[in-house]
$ cat protein.pdb   # PDB, C-alpha atoms
ATOM      1  CA  MET A 112      79.223 -27.284  31.262
ATOM      2  CA  LYS A 113      76.270 -27.375  33.498
ATOM      3  CA  PHE A 114      76.168 -23.627  33.385
ATOM      4  CA  SER A 115      76.233 -23.552  29.605
ATOM      5  CA  LEU A 116      73.534 -26.198  29.494
ATOM      6  CA  VAL A 117      71.373 -24.188  31.885
ATOM      7  CA  ALA A 118      72.143 -20.997  29.968
ATOM      8  CA  ALA A 119      71.219 -22.718  26.688
ATOM      9  CA  LEU A 120      68.027 -24.020  28.280
ATOM     10  CA  VAL A 121      67.170 -20.523  29.543
ATOM     11  CA  VAL A 122      67.855 -19.066  26.100
ATOM     12  CA  VAL A 123      65.659 -21.720  24.451
ATOM     13  CA  LEU A 124      62.896 -21.094  27.014
ATOM     14  CA  ALA A 125      63.225 -17.326  26.512
ATOM     15  CA  VAL A 126      63.035 -17.723  22.755
ATOM     16  CA  ALA A 127      60.102 -20.117  23.086
ATOM     17  CA  HIS A 128      58.361 -17.762  25.514
ATOM     18  CA  GLY A 129      59.061 -14.816  23.220
ATOM     19  CA  THR A 130      57.633 -16.703  20.259
ATOM     20  CA  GLU A 131      54.632 -17.754  22.336
ATOM     21  CA  ALA A 132      54.133 -14.197  23.560
ATOM     22  CA  MET A 133      54.420 -12.941  20.023
ATOM     23  CA  SER A 134      51.777 -15.413  18.830
ATOM     24  CA  VAL A 135      49.461 -14.392  21.706
ATOM     25  CA  VAL A 136      49.991 -10.761  20.768
ATOM     26  CA  LYS A 137      49.352 -11.660  17.148
ATOM     27  CA  ARG A 138      46.129 -13.474  18.122
ATOM     28  CA  ASP A 139      44.981 -10.501  20.202
ATOM     29  CA  VAL A 140      45.772  -8.110  17.378
ATOM     30  CA  GLN A 141      43.967 -10.362  14.910
ATOM     31  CA  SER A 142      40.881 -10.566  17.141
ATOM     32  CA  GLU A 143      40.948  -6.793  17.553
ATOM     33  CA  VAL A 144      41.305  -6.355  13.793
ATOM     34  CA  ASP A 145      38.395  -8.782  13.258
ATOM     35  CA  ARG A 146      36.263  -6.932  15.809
ATOM     36  CA  ILE A 147      37.050  -3.537  14.257
ATOM     37  CA  THR A 148      36.410  -4.955  10.773
ATOM     38  CA  LYS A 149      33.009  -6.256  11.941
ATOM     39  CA  ILE A 150      32.146  -2.881  13.466
ATOM     40  CA  ILE A 151      33.112  -1.104  10.230
ATOM     41  CA  LYS A 152      31.080  -3.579   8.155
ATOM     42  CA  ASP A 153      28.054  -3.107  10.448
ATOM     43  CA  MET A 154      28.402   0.666  10.191
ATOM     44  CA  SER A 155      28.703   0.406   6.412
ATOM     45  CA  THR A 156      25.597  -1.791   6.233
ATOM     46  CA  SER A 157      23.689   0.583   8.499
ATOM     47  CA  ILE A 158      24.723   3.635   6.460
ATOM     48  CA  THR A 159      23.833   1.848   3.205
ATOM     49  CA  THR A 160      20.397   0.889   4.546
ATOM     50  CA  ALA A 161      19.745   4.396   5.830
ATOM     51  CA  THR A 162      20.845   5.850   2.486
ATOM     52  CA  GLN A 163      18.569   3.485   0.561
ATOM     53  CA  ASP A 164      15.643   4.361   2.836
ATOM     54  CA  MET A 165      16.331   8.050   2.295
ATOM     55  CA  VAL A 166      16.527   7.567  -1.487
ATOM     56  CA  GLU A 167      13.188   5.677  -1.459
ATOM     57  CA  LYS A 168      11.550   8.434   0.584
ATOM     58  CA  VAL A 169      12.889  11.103  -1.775
ATOM     59  CA  LYS A 170      11.628   9.114  -4.777
ATOM     60  CA  ALA A 171       8.192   8.746  -3.152
ATOM     61  CA  LEU A 172       8.123  12.484  -2.419
ATOM     62  CA  GLU A 173       9.136  13.261  -6.001
ATOM     63  CA  MET A 174       6.420  10.933  -7.301
ATOM     64  CA  THR A 175       3.849  12.605  -5.057
ATOM     65  CA  ASN A 176       4.946  16.034  -6.227
ATOM     66  CA  THR A 177       4.863  14.874  -9.860
ATOM     67  CA  ALA A 178       1.362  13.450  -9.425
ATOM     68  CA  GLN A 179       0.165  16.627  -7.743
ATOM     69  CA  THR A 180       1.638  18.759 -10.536
ATOM     70  CA  TYR A 181       0.005  16.491 -13.121
ATOM     71  CA  MET A 182      -3.379  16.813 -11.361
ATOM     72  CA  GLU A 183      -3.111  20.582 -11.213
ATOM     73  CA  ASP A 184      -2.110  20.781 -14.879
ATOM     74  CA  SER A 185      -4.966  18.456 -15.854
ATOM     75  CA  ARG A 186      -7.424  20.486 -13.807
ATOM     76  CA  ALA A 187      -6.227  23.679 -15.485
ATOM     77  CA  LYS A 188      -6.736  22.097 -18.921
ATOM     78  CA  ILE A 189     -10.117  20.492 -18.156
ATOM     79  CA  LEU A 190     -11.739  23.425 -16.331
ATOM     80  CA  PRO A 191     -12.254  25.521 -19.493
ATOM     81  CA  LEU A 192     -13.763  22.479 -21.252
ATOM     82  CA  VAL A 193     -16.168  21.893 -18.359
ATOM     83  CA  GLU A 194     -17.235  25.529 -18.415
ATOM     84  CA  LYS A 195     -17.759  25.345 -22.170
ATOM     85  CA  VAL A 196     -19.853  22.157 -21.861
ATOM     86  CA  GLN A 197     -21.947  23.763 -19.109
ATOM     87  CA  ALA A 198     -22.555  26.808 -21.279
ATOM     88  CA  GLU A 199     -23.569  24.596 -24.216
ATOM     89  CA  ALA A 200     -25.873  22.552 -21.951
ATOM     90  CA  THR A 201     -27.549  25.744 -20.747
ATOM     91  CA  LYS A 202     -28.056  26.890 -24.339
ATOM     92  CA  LEU A 203     -29.466  23.495 -25.319
ATOM     93  CA  GLN A 204     -31.829  23.527 -22.350
ATOM     94  CA  GLU A 205     -33.121  26.950 -23.361
ATOM     95  CA  GLN A 206     -33.623  25.750 -26.937
ATOM     96  CA  VAL A 207     -35.461  22.582 -25.860
ATOM     97  CA  LYS A 208     -37.814  24.283 -23.369
ATOM     98  CA  PRO A 209     -40.410  25.313 -26.007
ATOM     99  CA  PHE A 210     -40.496  21.792 -27.459
ATOM    100  CA  ILE A 211     -40.971  20.241 -24.021
ATOM    101  CA  ALA A 212     -43.738  22.727 -23.202
ATOM    102  CA  ASN A 213     -45.438  21.905 -26.528
ATOM    103  CA  ILE A 214     -45.223  18.152 -25.837
ATOM    104  CA  GLU A 215     -46.600  18.656 -22.321
ATOM    105  CA  ASP A 216     -49.509  20.676 -23.747
ATOM    106  CA  GLN A 217     -50.307  17.888 -26.222
ATOM    107  CA  ILE A 218     -49.983  15.036 -23.709
ATOM    108  CA  LYS A 219     -51.859  16.690 -20.836
ATOM    109  CA  PRO A 220     -55.355  16.144 -22.379
ATOM    110  CA  LEU A 221     -54.451  12.487 -23.042
ATOM    111  CA  THR A 222     -53.254  11.869 -19.488
ATOM    112  CA  ASP A 223     -56.289  13.686 -18.058
ATOM    113  CA  ASN A 224     -58.595  11.526 -20.201
ATOM    114  CA  PHE A 225     -56.716   8.379 -19.115
ATOM    115  CA  ASN A 226     -56.960   9.374 -15.449
ATOM    116  CA  THR A 227     -60.709  10.007 -15.712
ATOM    117  CA  GLN A 228     -61.216   6.552 -17.253
ATOM    118  CA  VAL A 229     -58.896   4.665 -14.895
ATOM    119  CA  LYS A 230     -59.873   6.384 -11.622
ATOM    120  CA  PRO A 231     -63.297   4.675 -11.327
ATOM    121  CA  LEU A 232     -61.650   1.316 -12.028
ATOM    122  CA  THR A 233     -58.961   1.805  -9.381
ATOM    123  CA  ASP A 234     -61.538   3.063  -6.853
ATOM    124  CA  ASN A 235     -63.721  -0.003  -7.518
ATOM    125  CA  PHE A 236     -60.707  -2.325  -7.180
ATOM    126  CA  HIS A 237     -59.670  -0.619  -3.938
ATOM    127  CA  ALA A 238     -63.213  -0.963  -2.561
ATOM    128  CA  GLN A 239     -63.238  -4.697  -3.341
ATOM    129  CA  VAL A 240     -59.771  -5.365  -1.945
ATOM    130  CA  LYS A 241     -60.125  -3.248   1.225
ATOM    131  CA  PRO A 242     -62.201  -5.817   3.156
ATOM    132  CA  LEU A 243     -59.684  -8.515   2.301
ATOM    133  CA  THR A 244     -56.730  -6.403   3.477
ATOM    134  CA  ASP A 245     -58.592  -5.503   6.685
ATOM    135  CA  MET A 246     -59.353  -9.176   7.333
ATOM    136  CA  MET A 247     -55.676 -10.133   6.756
ATOM    137  CA  GLU A 248     -54.536  -7.319   9.033
ATOM    138  CA  ASN A 249     -56.847  -8.545  11.804
ATOM    139  CA  PHE A 250     -55.649 -12.136  11.282
ATOM    140  CA  PHE A 251     -51.984 -11.139  11.590
ATOM    141  CA  GLN A 252     -52.767  -9.082  14.682
ATOM    142  CA  GLN A 253     -54.445 -12.115  16.301
ATOM    143  CA  VAL A 254     -51.438 -14.295  15.442
ATOM    144  CA  MET A 255     -49.106 -11.703  16.984
ATOM    145  CA  ASP A 256     -51.240 -11.486  20.136
ATOM    146  CA  GLN A 257     -51.360 -15.270  20.501
ATOM    147  CA  THR A 258     -47.623 -15.561  19.941
ATOM    148  CA  LYS A 259     -46.952 -12.921  22.593
ATOM    149  CA  ALA A 260     -49.280 -14.747  25.002
ATOM    150  CA  LEU A 261     -47.296 -17.984  24.519
ATOM    151  CA  MET A 262     -43.954 -16.322  25.208
ATOM    152  CA  PRO A 263     -42.741 -16.281  28.815
ATOM    153  CA  PRO A 264     -42.730 -12.861  30.471
ATOM    154  CA  GLN A 265     -39.477 -11.027  30.291
TER
END

$ encode --input "protein.pdb" --output "structure tokens"
Amino acid sequence: MKFSLVAALVVVLAVAHGTEAMSVVKRDVQSEVDRITKIIKDMSTSITTATQDMVEKVKALEMTNTAQTYMEDSRAKILPLVEKVQAEATKLQEQVKPFIANIEDQIKPLTDNFNTQVKPLTDNFHAQVKPLTDMMENFFQQVMDQTKALMPPQ
């Protein structure tokens, strides 16, 4: 009886140990599965981020290429217009030259007459103001000299 009791106890302990071992194995497998799942998720996130970055760079490159193409097309369309405007401006300048020369010929006697009348007045004014400007210049020079004399030597 004792033997059967001991044998039953051993069987119960073996079953309990087997169940415990199985649960430890299950926990280890679960932790390994969790760790592998985390690694796969991290890799997936990393690949997704890298893919998004690549897509953004490709979009930026496409936008740059589109803008450059647009600029070149615009330049090709505008260049003939600019040349045409320059040609028209040259023609207009040639047409206006005689009128400008005529106006200059008519105004020149008036400006010469004005200069001959105003020159004596400006010379007289300059002659009257010159002593005052000289006196002010001398005054400011004296102030500068006195200020330098008051400053300590450097």

$ atom_distance --input "protein.pdb" --atom1 "atom CA of A:Glu248" --atom2 "atom CA of A:Lys230"
25.4 Å

$ atom_distance --input "protein.pdb" --atom1 "atom CA of A:Asp256" --atom2 "atom CA of A:Leu243"
20.0 Å

$ atom_distance --input "protein.pdb" --atom1 "atom CA of A:Ile151" --atom2 "atom CA of A:Asp164"
19.7 Å

$ axis_aligned_box --input "protein.pdb" --around "stretch 208-214 of chain A" --padding-each-side "8 Å" --output "lines of an AutoDock Vina configuration file"
center_x = -41.6
center_y = 21.7
center_z = -25.3
size_x = 23.6
size_y = 23.2
size_z = 20.3
